[in-house]
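Visitor: Quick one: the structure is below, and I'll ask about it shortly.
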Amino acid sequence: MKKKTSFISKLYIALIFIFLYAPIAVMMLFSFNSTPSTYTFGGFSLYWYKEMFNDAVAMRSLQNTIVLAVCTAVLASVLGILASVGLFNSRNKLYRKSMMTATNIPMMNPEIVTGIAMMLLFVFAGSLINRSNVLGFWTLLIAHVTFALPYVILNVMPKLKQFDMHIYEAAVDLGCKPSKAFFKVVMPEIITGIITGCVMSFTLSLDDFIISYFTNGPSFQTLPIYIFSMTKKRVKPDMYALSTLMFIVILVLLILMNVAQNRAERKGKRDTV
């Protein structure tokens, strides 16, 4: 009976993985297609990868997306660390709980509601300063930091709660400046949470479409918006090649993040022993 249950559970997990990753596998396969067909595989070729790099608009959109994602990850990480430390040191429990609840709103709120609300806010702010073309890189950056910030806070806060603050207080009592004590004592203990939040911010910004669609302007186009504009006609296989490369990069980042977390956990266990 146990063997039968184990077989059914393994089969169920396998079906879930097939359902999740079969479309990605098909996309990766057709990125090596020698013909422009999206339903008939004519043989292996790197032609569409060459075409991808020759597409100036796609490369510019990819560059914009990467720049936006890096800026989002950096700003969200810095603001998230400051917010986490501030909330952790707050003595008012009601204030801390209220702020943590408010932090969860951008994650729970539907993206289309967030996108429309932020678009209206930016347009209204632009009307106050008599600017009609206010939407662009900076509005995209503000919007992306807004929905990425909670993920950094929720990854850093548990690390702060696990840390023994008496060590920090001892360092300060021994003459270390508070800022130096934070970077020397606290930062190494919460670095895994910071890295996790930073990588999540990067990946969320990289593939965001709905919020970007409402907050971008004609002067700055991200890759998801460019691909969406192509769906009105026909998506060429060079977009399969670009999506394949993006998937591999994100997969490598996630693997490195998990490896770093596992090493930090093993190190923590050795230190406690």
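Residues are named by chain letter and number: chains run A, B, ... in the order of the structure tokens, numbers start at 1 in each chain, and ligands are numbered from 1 in the order shown.
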For Ala143 of chain A, work out the shell of residues within 9 Å, counting only C-alpha atoms and skipping chain neighbours fewer than 5 positions away, then give it as number ranges by chain.

Guide: A: 114-115, 118, 138, 148, 211-212, 215

Visitor: Applying 10 Å and only C-alpha atoms, which residues near Ile66 of chain A remain after dropping the ones on its own chain fewer than 2 positions away? List them as a PyMOL selection string.

Guide: chain A and resi 60-64+68-72+202-203+205-206+222-223

Visitor: Please save N, CA and C atoms of the selected residues as a PDB file, in the first residue's frame.

Guide:
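See part-v2.pdb below for the written result:
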```
ATOM      1  N   ARG A  60      17.909  46.802 -27.989  1.00  0.00           N
ATOM      2  CA  ARG A  60      17.722  48.020 -27.191  1.00  0.00           C
ATOM      3  C   ARG A  60      16.696  47.798 -26.085  1.00  0.00           C
ATOM      4  N   SER A  61      15.646  47.059 -26.412  1.00  0.00           N
ATOM      5  CA  SER A  61      14.634  46.746 -25.392  1.00  0.00           C
ATOM      6  C   SER A  61      15.218  45.849 -24.306  1.00  0.00           C
ATOM      7  N   LEU A  62      16.055  44.904 -24.697  1.00  0.00           N
ATOM      8  CA  LEU A  62      16.713  44.033 -23.716  1.00  0.00           C
ATOM      9  C   LEU A  62      17.647  44.847 -22.825  1.00  0.00           C
ATOM     10  N   GLN A  63      18.389  45.760 -23.426  1.00  0.00           N
ATOM     11  CA  GLN A  63      19.282  46.617 -22.640  1.00  0.00           C
ATOM     12  C   GLN A  63      18.484  47.459 -21.646  1.00  0.00           C
ATOM     13  N   ASN A  64      17.378  48.029 -22.100  1.00  0.00           N
ATOM     14  CA  ASN A  64      16.529  48.817 -21.204  1.00  0.00           C
ATOM     15  C   ASN A  64      16.004  47.961 -20.049  1.00  0.00           C
ATOM     16  N   LEU A  68      16.918  48.549 -16.143  1.00  0.00           N
ATOM     17  CA  LEU A  68      15.808  48.776 -15.213  1.00  0.00           C
ATOM     18  C   LEU A  68      15.808  47.740 -14.094  1.00  0.00           C
ATOM     19  N   ALA A  69      16.054  46.476 -14.425  1.00  0.00           N
ATOM     20  CA  ALA A  69      16.048  45.414 -13.418  1.00  0.00           C
ATOM     21  C   ALA A  69      17.198  45.584 -12.428  1.00  0.00           C
ATOM     22  N   VAL A  70      18.378  45.958 -12.907  1.00  0.00           N
ATOM     23  CA  VAL A  70      19.525  46.164 -12.014  1.00  0.00           C
ATOM     24  C   VAL A  70      19.270  47.341 -11.080  1.00  0.00           C
ATOM     25  N   CYS A  71      18.788  48.452 -11.632  1.00  0.00           N
ATOM     26  CA  CYS A  71      18.481  49.627 -10.793  1.00  0.00           C
ATOM     27  C   CYS A  71      17.398  49.300  -9.773  1.00  0.00           C
ATOM     28  N   THR A  72      16.393  48.537 -10.198  1.00  0.00           N
ATOM     29  CA  THR A  72      15.321  48.133  -9.276  1.00  0.00           C
ATOM     30  C   THR A  72      15.865  47.273  -8.150  1.00  0.00           C
ATOM     31  N   PHE A 202      15.257  41.518  -8.991  1.00  0.00           N
ATOM     32  CA  PHE A 202      15.779  41.530 -10.361  1.00  0.00           C
ATOM     33  C   PHE A 202      14.889  40.716 -11.300  1.00  0.00           C
ATOM     34  N   THR A 203      14.541  39.509 -10.888  1.00  0.00           N
ATOM     35  CA  THR A 203      13.732  38.644 -11.748  1.00  0.00           C
ATOM     36  C   THR A 203      12.306  39.170 -11.923  1.00  0.00           C
ATOM     37  N   SER A 205      11.364  42.304 -11.815  1.00  0.00           N
ATOM     38  CA  SER A 205      11.430  43.460 -12.711  1.00  0.00           C
ATOM     39  C   SER A 205      11.708  43.031 -14.146  1.00  0.00           C
ATOM     40  N   LEU A 206      12.487  41.967 -14.288  1.00  0.00           N
ATOM     41  CA  LEU A 206      12.892  41.528 -15.619  1.00  0.00           C
ATOM     42  C   LEU A 206      11.702  41.088 -16.470  1.00  0.00           C
ATOM     43  N   THR A 222      10.504  48.328 -22.623  1.00  0.00           N
ATOM     44  CA  THR A 222      11.106  47.113 -22.081  1.00  0.00           C
ATOM     45  C   THR A 222      10.827  45.937 -23.009  1.00  0.00           C
ATOM     46  N   LEU A 223      11.548  44.851 -22.783  1.00  0.00           N
ATOM     47  CA  LEU A 223      11.430  43.687 -23.654  1.00  0.00           C
ATOM     48  C   LEU A 223      10.044  43.038 -23.606  1.00  0.00           C
TER      49      LEU A 223
END
```

Visitor: Select from segment 181-257 of chain A everything DSSP, run on the backbone, classes as helix (DSSP H, G or I), then give the selection as an MDAnalysis selection string.

Guide: chainID A and resid 181:207 210:215 223:231 237:257

Visitor: Which polymer residues have any atom within 8 Å of an atom of Phe137 of chain A, counting only C-alpha atoms, with same-chain residues fewer than 5 positions away left out, as a ChimeraX atom specification?

Guide: /A:68,216-217,219-220

Visitor: Would you save the residues of that selection, restricted to C-alpha atoms, as a PDB file, in the first residue's frame?

Guide:
```
ATOM      1  CA  LEU A  68      15.808  48.776 -15.213  1.00  0.00           C
ATOM      2  CA  ASN A 216       6.093  53.212 -19.478  1.00  0.00           C
ATOM      3  CA  GLY A 217       6.407  55.930 -22.090  1.00  0.00           C
ATOM      4  CA  SER A 219      10.963  56.948 -24.885  1.00  0.00           C
ATOM      5  CA  PHE A 220      11.660  53.762 -22.910  1.00  0.00           C
TER       6      PHE A 220
END
```

Visitor: Any idea what's packed within 10 Å of Asn89 of chain A, counting only C-alpha atoms, ignoring anything in its chain fewer than 6 positions away? Could you give it as a ChimeraX atom specification?

Guide: /A:83,96,160

Visitor: Give me the residues within 9 Å of Tyr47 of chain A as a count of residues only, counting only C-alpha atoms and dropping any in the same chain fewer than 3 places off.

Guide: 9

Visitor: May I ask for the distance between atom CA of Leu75 of chain A and atom CA of Ile167 of chain A, given in Å to one decimal place?

Guide: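 For atom CA of Leu75 of chain A relative to atom CA of Ile167 of chain A, the distance reads 28.0 Å.
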
Visitor: I'd like the contact shell of Ala76 of chain A - 8 Å cut-off, only C-alpha atoms, skipping same-chain residues fewer than 5 positions apart - returned as a list in words.

Guide: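 Once the nearby chain positions are removed, what remains is Val145, Thr146, Ala148, Leu149, Val152, Cys198 and Ser201 of chain A.
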
Visitor: Using only C-alpha atoms for the distances, tell me which of A:Phe88, A:Phe44, A:Tyr49, A:Phe182 is nearest to Ser243 of chain A.

Guide: A:Tyr49

Visitor: Considering only C-alpha atoms, can you say which of A:Ala102, A:Ile112, A:Ala58, A:Ile194 comes closest to Pro224 of chain A?

Guide: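 Of A:Ala102, A:Ile112, A:Ala58, A:Ile194, the one nearest Pro224 of chain A, counting only C-alpha atoms, is A:Ala58.
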
Visitor: Quick one: of A:Val199, A:Ile227, A:Ile191, A:Ile116, who's nearest to Ala73 of chain A, counting only C-alpha atoms?

Guide: A:Val199

Visitor: Compare A:Ala170, A:Ile195, A:Met108, A:Met59 by their minimum atom-to-atom distance to Asn258 of chain A, counting only C-alpha atoms, and give me the closest one.

Guide: A:Ile195

Visitor: Out of A:Val26, A:Leu251, A:Ala117, A:Pro110, which residue has the shortest atom-to-atom distance to Thr38 of chain A when counting only C-alpha atoms?

Guide: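 Of A:Val26, A:Leu251, A:Ala117, A:Pro110, the one nearest Thr38 of chain A is A:Val26, counting only C-alpha atoms.
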
Visitor: For Asn109 of chain A, which residue out of A:Pro158, A:Leu29, A:Phe147, A:Pro178 is the nearest one, using only C-alpha atoms?

Guide: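 The shortest atom-to-atom distance to Asn109 of chain A comes from A:Phe147.
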
Visitor: Between atom CA of Pro237 of chain A and atom CA of Phe30 of chain A, what is the spacing in Å?

Guide: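 So the two atoms, atom CA of Phe30 of chain A and atom CA of Pro237 of chain A, lie 7.1 Å apart.
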